[in-house]
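Trainee: To be precise about what I am sending: the file is called structure15.cif and holds mmCIF, C-alpha atoms.
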```
data_target
loop_
_atom_site.label_atom_id
_atom_site.label_comp_id
_atom_site.auth_asym_id
_atom_site.auth_seq_id
_atom_site.Cartn_x
_atom_site.Cartn_y
_atom_site.Cartn_z
CA MET A 1 0.00 0.00 0.00
CA ARG A 2 0.99 3.65 -0.38
CA LEU A 3 2.15 5.69 2.59
CA GLY A 4 -0.57 8.21 1.78
CA ASP A 5 -3.18 5.50 2.46
CA VAL A 6 -2.16 5.13 6.11
CA ALA A 7 -0.88 8.62 6.96
CA ILE A 8 -1.44 12.30 6.19
CA VAL A 9 1.65 13.61 4.41
CA SER A 10 2.04 17.37 4.78
CA THR A 11 4.57 20.11 5.40
CA GLY A 12 5.14 22.50 8.28
CA ASN A 13 4.78 26.25 8.69
CA ILE A 14 6.72 29.25 7.44
CA ALA A 15 9.14 30.15 10.23
CA PRO A 16 8.00 33.13 12.32
CA HIS A 17 10.19 36.20 12.70
CA LYS A 18 12.74 36.04 15.51
CA SER A 19 10.79 38.65 17.50
CA GLU A 20 7.66 36.44 17.48
CA PHE A 21 9.18 33.70 19.60
CA SER A 22 8.73 33.74 23.37
CA ASN A 23 10.19 32.18 26.52
CA GLU A 24 7.07 30.10 27.14
CA GLY A 25 4.80 28.20 24.80
CA THR A 26 4.88 25.30 22.36
CA PRO A 27 8.21 24.17 20.84
CA PHE A 28 8.94 25.12 17.21
CA VAL A 29 10.93 22.41 15.41
CA ARG A 30 13.32 23.44 12.65
CA ALA A 31 15.18 21.18 10.19
CA GLY A 32 18.43 21.85 12.05
CA SER A 33 16.83 20.67 15.30
CA LEU A 34 16.45 17.04 14.21
CA SER A 35 20.02 15.85 14.76
CA LYS A 36 20.10 17.24 18.32
CA LEU A 37 16.66 15.83 19.11
CA GLN A 38 17.74 12.43 17.78
CA GLU A 39 20.72 12.53 20.14
CA GLY A 40 18.45 13.09 23.13
CA SER A 41 18.12 16.88 23.43
CA SER A 42 14.84 18.10 24.91
CA LEU A 43 12.12 19.90 22.99
CA ARG A 44 12.23 22.42 25.87
CA GLU A 45 15.55 23.67 24.50
CA LEU A 46 13.94 24.81 21.22
CA GLU A 47 12.36 28.16 20.36
CA LYS A 48 8.77 28.51 21.53
CA ILE A 49 5.57 30.06 20.20
CA ASN A 50 2.76 31.10 22.53
CA GLU A 51 -0.89 30.39 21.69
CA ASP A 52 -1.84 33.97 20.79
CA THR A 53 1.04 34.34 18.32
CA ALA A 54 0.28 30.96 16.78
CA LYS A 55 -3.35 31.97 16.20
CA LYS A 56 -2.35 35.34 14.73
CA LEU A 57 0.07 33.66 12.30
CA GLY A 58 -2.29 30.77 11.53
CA LEU A 59 0.28 28.14 12.47
CA LYS A 60 -0.70 24.50 12.24
CA LEU A 61 -0.05 22.43 15.37
CA PHE A 62 1.15 18.88 14.68
CA PRO A 63 0.07 16.14 17.13
CA SER A 64 2.34 13.79 19.06
CA GLY A 65 3.20 10.74 16.98
CA THR A 66 3.90 12.83 13.85
CA VAL A 67 7.09 11.56 12.20
CA LEU A 68 9.38 14.29 10.85
CA PHE A 69 12.22 14.40 8.35
CA ALA A 70 13.73 17.16 6.22
CA LYS A 71 12.34 17.54 2.70
CA SER A 72 14.44 20.45 1.39
CA GLY A 73 17.91 21.93 1.80
CA MET A 74 21.09 20.15 2.80
CA SER A 75 19.36 18.82 5.94
CA CYS A 76 17.35 16.40 3.82
CA THR A 77 20.56 14.64 2.72
CA LYS A 78 21.17 13.47 6.31
CA GLY A 79 18.10 11.26 6.64
CA ASN A 80 17.41 12.27 10.27
CA ILE A 81 14.09 11.02 11.68
CA TYR A 82 12.18 12.31 14.71
CA ASN A 83 8.88 11.20 16.22
CA LEU A 84 7.12 14.03 18.06
CA PRO A 85 6.53 13.03 21.71
CA GLU A 86 4.17 16.00 22.18
CA PRO A 87 2.31 18.52 19.97
CA CYS A 88 4.68 20.98 18.24
CA TYR A 89 4.82 23.60 15.55
CA VAL A 90 7.05 22.57 12.67
CA VAL A 91 8.98 24.52 9.99
CA SER A 92 8.04 24.19 6.30
CA HIS A 93 11.37 22.53 5.43
CA LEU A 94 10.16 19.39 7.21
CA ALA A 95 7.87 16.66 5.91
CA CYS A 96 5.27 15.70 8.52
CA ILE A 97 3.89 12.15 8.46
CA THR A 98 0.81 11.96 10.70
CA PRO A 99 -0.50 8.36 10.89
CA LYS A 100 -4.24 7.69 10.56
CA LYS A 101 -3.86 4.77 13.01
CA PRO A 102 -1.44 4.18 15.95
CA ILE A 103 1.62 3.17 13.88
CA SER A 104 3.92 6.17 14.47
CA LYS A 105 6.62 4.05 16.17
CA TYR A 106 6.45 1.55 13.33
CA LEU A 107 6.91 4.37 10.79
CA GLU A 108 9.77 5.83 12.81
CA HIS A 109 11.67 2.54 12.66
CA TYR A 110 10.65 2.05 9.03
CA PHE A 111 12.18 5.38 8.00
CA ARG A 112 15.33 4.72 10.03
CA PHE A 113 15.82 1.70 7.76
CA HIS A 114 14.42 3.15 4.50
CA LYS A 115 16.13 6.54 4.67
CA PRO A 116 13.89 9.18 3.06
CA ASN A 117 16.90 10.89 1.45
CA VAL A 118 16.83 8.18 -1.26
CA LEU A 119 13.82 10.12 -2.62
CA ILE A 120 16.01 13.12 -3.51
CA GLU A 121 15.89 13.58 -7.29
CA ASN A 122 18.68 16.14 -7.80
CA PRO A 123 21.57 16.02 -5.27
CA SER A 124 22.74 19.45 -6.45
CA PHE A 125 19.45 20.98 -5.26
CA PRO A 126 18.32 18.47 -2.62
CA SER A 127 14.57 18.32 -2.08
CA ILE A 128 11.84 15.68 -1.78
CA ARG A 129 8.39 16.21 -3.29
CA LEU A 130 5.46 15.46 -0.98
CA SER A 131 3.82 13.51 -3.80
CA ARG A 132 6.79 11.12 -3.91
CA ILE A 133 6.55 10.61 -0.15
CA SER A 134 2.79 9.94 -0.37
CA GLN A 135 3.30 7.42 -3.17
CA MET A 136 5.97 5.43 -1.33
CA GLU A 137 5.07 1.76 -1.20
CA ILE A 138 5.07 0.49 2.36
CA THR A 139 4.49 -3.01 3.72
CA LEU A 140 2.23 -2.96 6.75
CA PRO A 141 1.78 -6.27 8.63
CA ASN A 142 -1.18 -7.04 10.87
CA ASP A 143 -1.62 -5.18 14.17
CA GLU A 144 -0.24 -8.02 16.30
CA GLU A 145 2.91 -8.27 14.18
CA ILE A 146 3.35 -4.47 14.23
CA GLU A 147 3.24 -4.49 18.04
CA LYS A 148 5.79 -7.30 18.22
CA GLN A 149 8.21 -5.60 15.83
CA ILE A 150 7.92 -2.25 17.61
CA ALA A 151 8.50 -3.92 21.00
CA ASN A 152 11.64 -5.69 19.77
CA LEU A 153 13.15 -2.63 18.09
CA ASP A 154 12.19 -0.30 20.96
CA ALA A 155 13.85 -2.64 23.46
CA LEU A 156 17.12 -2.56 21.51
CA GLU A 157 16.98 1.23 21.14
CA SER A 158 16.37 1.54 24.88
CA MET A 159 19.43 -0.59 25.67
CA ILE A 160 21.54 1.48 23.26
CA ALA A 161 20.30 4.66 24.96
CA GLN A 162 21.17 3.21 28.40
CA SER A 163 24.71 2.40 27.22
CA ASN A 164 25.10 5.92 25.82
CA ALA A 165 23.87 7.33 29.13
CA LEU A 166 26.47 5.23 30.95
CA ILE A 167 29.21 6.62 28.70
CA SER A 168 28.07 10.19 29.44
CA HIS A 169 28.03 9.42 33.17
CA LEU A 170 31.55 7.95 33.08
CA GLN A 171 32.85 10.99 31.19
CA SER A 172 31.21 13.31 33.73
CA LEU A 173 32.74 11.31 36.59
CA ALA A 174 36.24 11.70 35.14
CA LYS A 175 35.72 15.46 34.69
CA SER A 176 34.39 15.84 38.24
CA ARG A 177 37.31 13.88 39.67
CA PHE A 178 39.74 16.10 37.76
CA VAL A 179 38.17 19.27 39.20
CA GLU A 180 38.14 17.78 42.73
CA MET A 181 41.85 16.98 42.54
CA PHE A 182 43.25 19.89 40.52
CA GLY A 183 40.64 22.64 40.21
CA ASP A 184 40.40 24.82 37.12
CA PRO A 185 43.81 24.67 35.34
CA VAL A 186 43.59 28.30 34.20
CA ASP A 187 42.85 29.54 37.76
CA ASN A 188 45.40 27.10 39.23
CA PRO A 189 43.90 27.35 42.75
CA HIS A 190 46.66 25.19 44.30
CA ASN A 191 49.39 27.51 42.96
CA TRP A 192 51.33 24.67 41.40
CA PRO A 193 54.34 25.52 39.20
CA VAL A 194 53.37 26.34 35.62
CA GLU A 195 55.07 25.31 32.38
CA LYS A 196 54.32 26.49 28.86
CA LEU A 197 53.19 23.66 26.60
CA SER A 198 56.21 24.31 24.34
CA THR A 199 58.56 23.29 27.20
CA LEU A 200 56.75 19.96 27.62
CA GLY A 201 57.03 18.78 24.02
CA ASN A 202 56.99 19.80 20.38
CA LEU A 203 54.26 20.82 17.95
CA LYS A 204 53.83 19.97 14.28
CA ASN A 205 51.21 20.86 11.66
CA GLY A 206 49.64 18.03 9.68
CA ILE A 207 50.22 17.24 6.02
CA ASN A 208 48.42 18.76 3.06
CA PHE A 209 47.74 16.29 0.29
CA ARG A 210 46.12 16.44 -3.15
CA SER A 211 43.12 14.32 -4.09
CA THR A 212 44.99 13.43 -7.31
CA GLU A 213 47.72 11.55 -5.42
CA SER A 214 47.60 7.81 -6.10
CA GLY A 215 50.47 6.29 -4.13
CA GLN A 216 50.32 4.23 -0.93
CA GLU A 217 47.10 4.29 1.07
CA ILE A 218 47.48 5.09 4.77
CA PRO A 219 45.21 6.11 7.67
CA CYS A 220 45.04 9.89 8.13
CA LEU A 221 43.44 11.46 11.20
CA GLY A 222 41.15 14.29 10.05
CA VAL A 223 38.72 16.64 11.76
CA SER A 224 35.75 14.40 10.93
CA ASP A 225 37.35 11.57 12.94
CA PHE A 226 37.41 13.48 16.25
CA LYS A 227 33.70 13.35 17.08
CA ASN A 228 33.42 13.21 20.91
CA ARG A 229 36.40 10.92 21.32
CA SER A 230 39.18 11.41 23.87
CA ARG A 231 41.42 8.72 22.38
CA ILE A 232 41.62 6.43 19.37
CA ASP A 233 43.20 2.97 19.57
CA ASP A 234 41.56 1.41 16.52
CA MET A 235 42.96 2.88 13.30
CA SER A 236 40.06 1.46 11.28
CA LEU A 237 37.95 4.28 12.78
CA ILE A 238 39.82 7.03 10.94
CA SER A 239 39.93 8.24 7.34
CA ARG A 240 42.34 6.99 4.69
CA ILE A 241 44.24 8.87 1.99
CA ARG A 242 46.72 8.12 -0.79
CA ILE A 243 50.09 9.85 -0.85
CA ASP A 244 52.84 9.83 -3.46
CA ASN A 245 55.81 10.72 -1.23
CA GLU A 246 57.30 9.03 1.81
CA LEU A 247 56.41 10.55 5.16
CA GLY A 248 59.03 12.04 7.45
CA ASP A 249 59.29 10.81 11.04
CA SER A 250 57.60 13.97 12.36
CA GLN A 251 54.60 13.34 10.07
CA VAL A 252 53.97 9.83 11.42
CA LEU A 253 51.93 9.63 14.62
CA LYS A 254 53.21 7.77 17.67
CA ASP A 255 51.50 6.32 20.74
CA GLY A 256 50.43 9.07 23.13
CA ASP A 257 50.54 11.92 20.60
CA VAL A 258 47.89 14.55 21.27
CA ILE A 259 46.17 15.95 18.17
CA PHE A 260 44.31 19.30 18.06
CA VAL A 261 41.78 20.56 15.52
CA ARG A 262 43.60 23.53 14.01
CA SER A 263 41.03 24.86 11.55
CA ASN A 264 37.39 24.23 10.74
CA GLY A 265 34.36 26.11 9.42
CA ASN A 266 32.65 25.29 12.73
CA LYS A 267 34.56 27.27 15.37
CA GLN A 268 33.10 25.01 18.11
CA LEU A 269 35.38 22.23 16.84
CA VAL A 270 38.58 24.30 16.85
CA GLY A 271 40.79 23.35 19.81
CA ARG A 272 39.19 19.94 20.29
CA CYS A 273 41.85 17.33 21.05
CA LEU A 274 42.41 13.60 21.51
CA ALA A 275 45.21 11.11 22.07
CA ILE A 276 46.05 8.47 19.51
CA PHE A 277 47.72 5.05 19.80
CA PRO A 278 48.62 3.67 16.33
CA LYS A 279 51.11 1.16 17.80
CA SER A 280 53.21 -0.14 14.90
CA GLN A 281 50.87 1.15 12.18
CA LYS A 282 51.94 4.05 9.96
CA VAL A 283 49.38 6.82 10.49
CA THR A 284 49.52 10.51 9.62
CA PHE A 285 47.31 13.55 10.27
CA SER A 286 45.71 16.20 8.08
CA GLY A 287 46.77 19.81 7.60
CA PHE A 288 43.70 20.93 9.56
CA CYS A 289 45.30 19.46 12.70
CA ILE A 290 48.30 20.11 14.95
CA ARG A 291 50.21 17.34 16.71
CA PHE A 292 51.74 17.69 20.20
CA ARG A 293 54.37 15.13 21.19
CA SER A 294 55.52 15.09 24.81
CA THR A 295 59.27 15.12 25.52
CA SER A 296 58.95 15.75 29.27
CA ASN A 297 58.34 13.53 32.28
CA LYS A 298 56.65 16.35 34.25
CA THR A 299 53.15 15.34 33.17
CA ASN A 300 51.46 12.08 32.32
CA LEU A 301 49.12 11.78 29.36
CA GLU A 302 45.80 11.40 31.21
CA TYR A 303 46.41 14.52 33.29
CA LEU A 304 47.67 16.61 30.36
CA LEU A 305 44.83 15.56 28.03
CA SER A 306 42.18 16.29 30.67
CA THR A 307 43.76 19.69 31.29
CA LEU A 308 43.70 20.55 27.59
CA LYS A 309 40.06 19.45 27.26
CA THR A 310 38.69 21.70 30.05
CA SER A 311 36.39 24.51 28.92
CA SER A 312 38.67 27.15 30.48
CA MET A 313 41.70 25.88 28.56
CA ARG A 314 39.66 25.80 25.35
CA SER A 315 38.73 29.44 26.05
CA ALA A 316 42.40 30.26 26.58
CA MET A 317 43.13 28.78 23.15
CA MET A 318 40.44 30.90 21.53
CA GLY A 319 41.37 34.19 23.24
CA ARG A 320 39.08 36.59 25.03
CA GLY A 321 35.92 36.95 23.02
CA ALA A 322 37.74 36.22 19.77
CA ASN A 323 35.64 34.93 16.90
CA ILE A 324 38.48 32.66 15.90
CA GLN A 325 38.22 29.71 13.54
CA ASN A 326 41.92 28.88 13.40
CA LEU A 327 44.43 27.70 15.96
CA ASN A 328 48.19 27.90 15.48
CA GLN A 329 51.34 26.54 17.07
CA LYS A 330 52.17 29.86 18.75
CA ILE A 331 48.86 29.89 20.65
CA LEU A 332 49.31 26.29 21.76
CA ALA A 333 52.97 26.77 22.66
CA ASN A 334 52.07 29.59 25.06
CA LEU A 335 49.37 27.67 26.95
CA GLU A 336 50.29 27.56 30.63
CA ILE A 337 49.97 24.09 32.15
CA PRO A 338 49.96 23.67 35.96
CA ILE A 339 52.33 20.90 37.09
CA PRO A 340 50.92 19.10 40.16
CA PRO A 341 52.97 16.40 41.94
CA LEU A 342 53.36 13.28 39.79
CA GLU A 343 51.86 11.17 42.55
CA LEU A 344 48.58 13.09 42.23
CA GLN A 345 48.72 12.85 38.44
CA ARG A 346 49.19 9.08 38.68
CA GLU A 347 46.25 8.78 41.07
CA PHE A 348 44.03 10.64 38.61
CA ALA A 349 45.40 8.61 35.69
CA ALA A 350 44.44 5.35 37.40
CA PHE A 351 40.89 6.64 37.89
CA ALA A 352 40.67 7.93 34.30
CA ARG A 353 41.97 4.65 32.86
CA GLN A 354 39.40 2.64 34.79
CA ALA A 355 36.60 4.92 33.55
CA ALA A 356 37.97 4.59 30.01
CA LYS A 357 37.92 0.78 30.26
CA LEU A 358 34.27 0.82 31.33
CA GLU A 359 33.49 3.27 28.53
CA PHE A 360 35.18 0.95 26.03
CA VAL A 361 33.03 -1.97 27.21
CA ALA A 362 29.90 0.18 26.87
CA ARG A 363 30.87 1.18 23.32
CA GLN A 364 31.40 -2.47 22.40
CA GLN A 365 27.95 -3.22 23.79
CA ILE A 366 26.45 -0.46 21.64
CA GLU A 367 28.09 -1.94 18.53
CA LYS A 368 26.63 -5.38 19.26
CA LEU A 369 23.17 -3.97 19.98
CA GLN A 370 23.27 -1.86 16.82
CA LEU A 371 24.16 -4.92 14.74
CA LEU A 372 21.21 -6.77 16.25
CA TYR A 373 18.91 -3.80 15.60
CA ASP A 374 20.10 -3.59 11.97
CA SER A 375 19.56 -7.33 11.53
CA LEU A 376 15.99 -7.16 12.83
CA ALA A 377 15.23 -4.04 10.78
CA GLN A 378 16.45 -5.88 7.67
CA GLU A 379 14.17 -8.81 8.53
CA TYR A 380 11.14 -6.58 9.15
CA PHE A 381 11.56 -3.92 6.46
CA GLY A 382 14.03 -5.29 3.92
#
```
Produce structure tokens that represent the structure in this file.
Mentor:
Amino acid sequence: MRLGDVAIVSTGNIAPHKSEFSNEGTPFVRAGSLSKLQEGSSLRELEKINEDTAKKLGLKLFPSGTVLFAKSGMSCTKGNIYNLPEPCYVVSHLACITPKKPISKYLEHYFRFHKPNVLIENPSFPSIRLSRISQMEITLPNDEEIEKQIANLDALESMIAQSNALISHLQSLAKSRFVEMFGDPVDNPHNWPVEKLSTLGNLKNGINFRSTESGQEIPCLGVSDFKNRSRIDDMSLISRIRIDNELGDSQVLKDGDVIFVRSNGNKQLVGRCLAIFPKSQKVTFSGFCIRFRSTSNKTNLEYLLSTLKTSSMRSAMMGRGANIQNLNQKILANLEIPIPPLELQREFAAFARQAAKLEFVARQQIEKLQLLYDSLAQEYFG
């Protein structure tokens, strides 16, 4: 049957002017909101429209259980899906699938498997016509089977969410323990001796390569590989490039190297850092990154990395109120790092390593659960 037979396929509202939003009211969902909502952000964090303004503008309110995805602009290439848990106003860039019977969770899972972005006709001007959405052929089993499939897929999603929550909790624990032991590194409340980062090691910009190069293929850590990671041990997780020339020793990453995002169109990513452990594998890093390699025994890696990842140190990298989208070696070299006693650093490192082990186990669990989810989705919707 066609999707239009079991659901009302429509579009949202023209976005109100900025001045028409208020502190209280009903959430207004934009295309750019979907990725954050998918990751667990609350609708309460979105812009809101009060009832009087909605009536004046003639905005349509979409009921809970409406399934949303982008139908125009670059957002529609991402295939993000969101099922409204409560009534909301929705922007016109979103397609709104309102079921005629209680199958919204089924449709949510269905569209996670059959990504709606396959309906884009011209990738250069990405958009999806409502008529194409309405005419989609969809297999709908009987009510009992729908309930069973939803229950199975929901259970797996719930377990994945619990594992992600555990990871967030472990990361928060490590940050809290750091603050308890050392305080804010920029304020340095314990008045420990301070060393500039340049005295603790050396810095090196990454390599610039041409897409036309066709030599050996090697892993290359790029900005897109950072995500929310603090360390990378598995080199299969990072990008690969081809290079024509041999790499110098300073261009090959070593265990314990700390890599910073040097430049990116999104200034929120600039200054982000992680540690990498390629072991014996030859791995390099892109020109949008800077590598720090420790040559000192005054700090251990866990302490130094946690110091560099604090919000105050990130602010120190960016400068006071600077709208900066580039980091350079001079800025990093001049960062002032407090040097607490090594015994304290080792105590924190032991705690951080234990938290990292538990986080690793949780991430492995997520991978297994996701494989099981994908297998069931293939069985149900393939």
Trainee: Step by step, work through what the PyMOL selection byres ((chain A and resi 279) around 9) selects in the shown file, and finish by giving those residues as a PyMOL selection string.
Mentor: chain A and resi 233+254-255+277-278+280-282
Trainee: How many Å lie between atom CA of Asn80 of chain A and atom CA of Ser104 of chain A, rounded to one decimal?
Mentor: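 Answer for the atom CA of Asn80 of chain A to atom CA of Ser104 of chain A separation: 15.4 Å.
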Trainee: Work out how far atom CA of Arg30 of chain A is from atom CA of Asn50 of chain A, in Å to one decimal.
Mentor: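 A separation of 16.4 Å between them.
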Trainee: Can you turn the PyMOL selection byres ((chain A and resi 84-93) around 7) into a concrete residue list for this file, as a PDB file with C-alpha atoms, in the coordinates of the input?
Mentor:
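File expr38.pdb, as written:
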```
ATOM      1  CA  THR A  11       4.570  20.110   5.400  1.00  0.00           C
ATOM      2  CA  GLY A  12       5.140  22.500   8.280  1.00  0.00           C
ATOM      3  CA  ASN A  13       4.780  26.250   8.690  1.00  0.00           C
ATOM      4  CA  ILE A  14       6.720  29.250   7.440  1.00  0.00           C
ATOM      5  CA  ALA A  15       9.140  30.150  10.230  1.00  0.00           C
ATOM      6  CA  THR A  26       4.880  25.300  22.360  1.00  0.00           C
ATOM      7  CA  PRO A  27       8.210  24.170  20.840  1.00  0.00           C
ATOM      8  CA  PHE A  28       8.940  25.120  17.210  1.00  0.00           C
ATOM      9  CA  VAL A  29      10.930  22.410  15.410  1.00  0.00           C
ATOM     10  CA  ARG A  30      13.320  23.440  12.650  1.00  0.00           C
ATOM     11  CA  ALA A  31      15.180  21.180  10.190  1.00  0.00           C
ATOM     12  CA  LYS A  60      -0.700  24.500  12.240  1.00  0.00           C
ATOM     13  CA  LEU A  61      -0.050  22.430  15.370  1.00  0.00           C
ATOM     14  CA  PHE A  62       1.150  18.880  14.680  1.00  0.00           C
ATOM     15  CA  PRO A  63       0.070  16.140  17.130  1.00  0.00           C
ATOM     16  CA  SER A  64       2.340  13.790  19.060  1.00  0.00           C
ATOM     17  CA  GLY A  65       3.200  10.740  16.980  1.00  0.00           C
ATOM     18  CA  THR A  66       3.900  12.830  13.850  1.00  0.00           C
ATOM     19  CA  VAL A  67       7.090  11.560  12.200  1.00  0.00           C
ATOM     20  CA  ALA A  70      13.730  17.160   6.220  1.00  0.00           C
ATOM     21  CA  LYS A  71      12.340  17.540   2.700  1.00  0.00           C
ATOM     22  CA  SER A  72      14.440  20.450   1.390  1.00  0.00           C
ATOM     23  CA  TYR A  82      12.180  12.310  14.710  1.00  0.00           C
ATOM     24  CA  ASN A  83       8.880  11.200  16.220  1.00  0.00           C
ATOM     25  CA  LEU A  94      10.160  19.390   7.210  1.00  0.00           C
ATOM     26  CA  ALA A  95       7.870  16.660   5.910  1.00  0.00           C
TER      27      ALA A  95
END
```
Trainee: Within 6 Å of Val258 of chain A, counting all atoms listed in the file, which residues show up once you throw out same-chain ones fewer than 3 positions away? Write them as a list in words, please.
Mentor: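 These residues fall inside the cut-off: Leu274, Ala275, Arg291 and Phe292 of chain A.
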Trainee: Within 12 Å of Leu166 of chain A, counting only C-alpha atoms, which residues qualify if same-chain residues fewer than 2 places away don't, as number ranges by chain?
Mentor: A: 159-164, 168-173, 355-356, 358-363, 365-366
Trainee: If you apply the PyMOL selection byres ((chain A and resi 311) around 12) to this file, what residues do you get, as number ranges by chain?
Mentor: A: 175, 179, 184-186, 268, 271-273, 306-310, 312-318
Trainee: Which residue gives the smallest distance to Arg346 of chain A among A:Glu39, A:Glu217, A:Glu302, A:Glu195, with only C-alpha atoms counted?
Mentor: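 The closest residue to Arg346 of chain A is A:Glu302.
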Trainee: What is the atom CA of Phe21 of chain A-atom CA of Gly58 of chain A distance in Å, reported with one decimal?
Mentor: 14.3 Å
Trainee: Could you pull the residues within 9 Å of Phe113 of chain A, counting only C-alpha atoms, minus those fewer than 5 positions along the same chain, as a ChimeraX atom specification?
Mentor: /A:108,374,377-378,381-382
Trainee: For a quick check of understanding, using all atoms listed in the file, which of A:Thr295, A:Ser263, A:Thr284, A:Ser19 has the smallest distance to Asn202 of chain A?
Mentor: A:Thr295
Trainee: Would you list the contacts of Leu3 of chain A as number ranges by chain, taking every protein, DNA or RNA residue within 9 Å and counting only C-alpha atoms, but skipping same-chain residues closer than 6 positions in sequence?
Mentor: A: 9, 97, 133-138
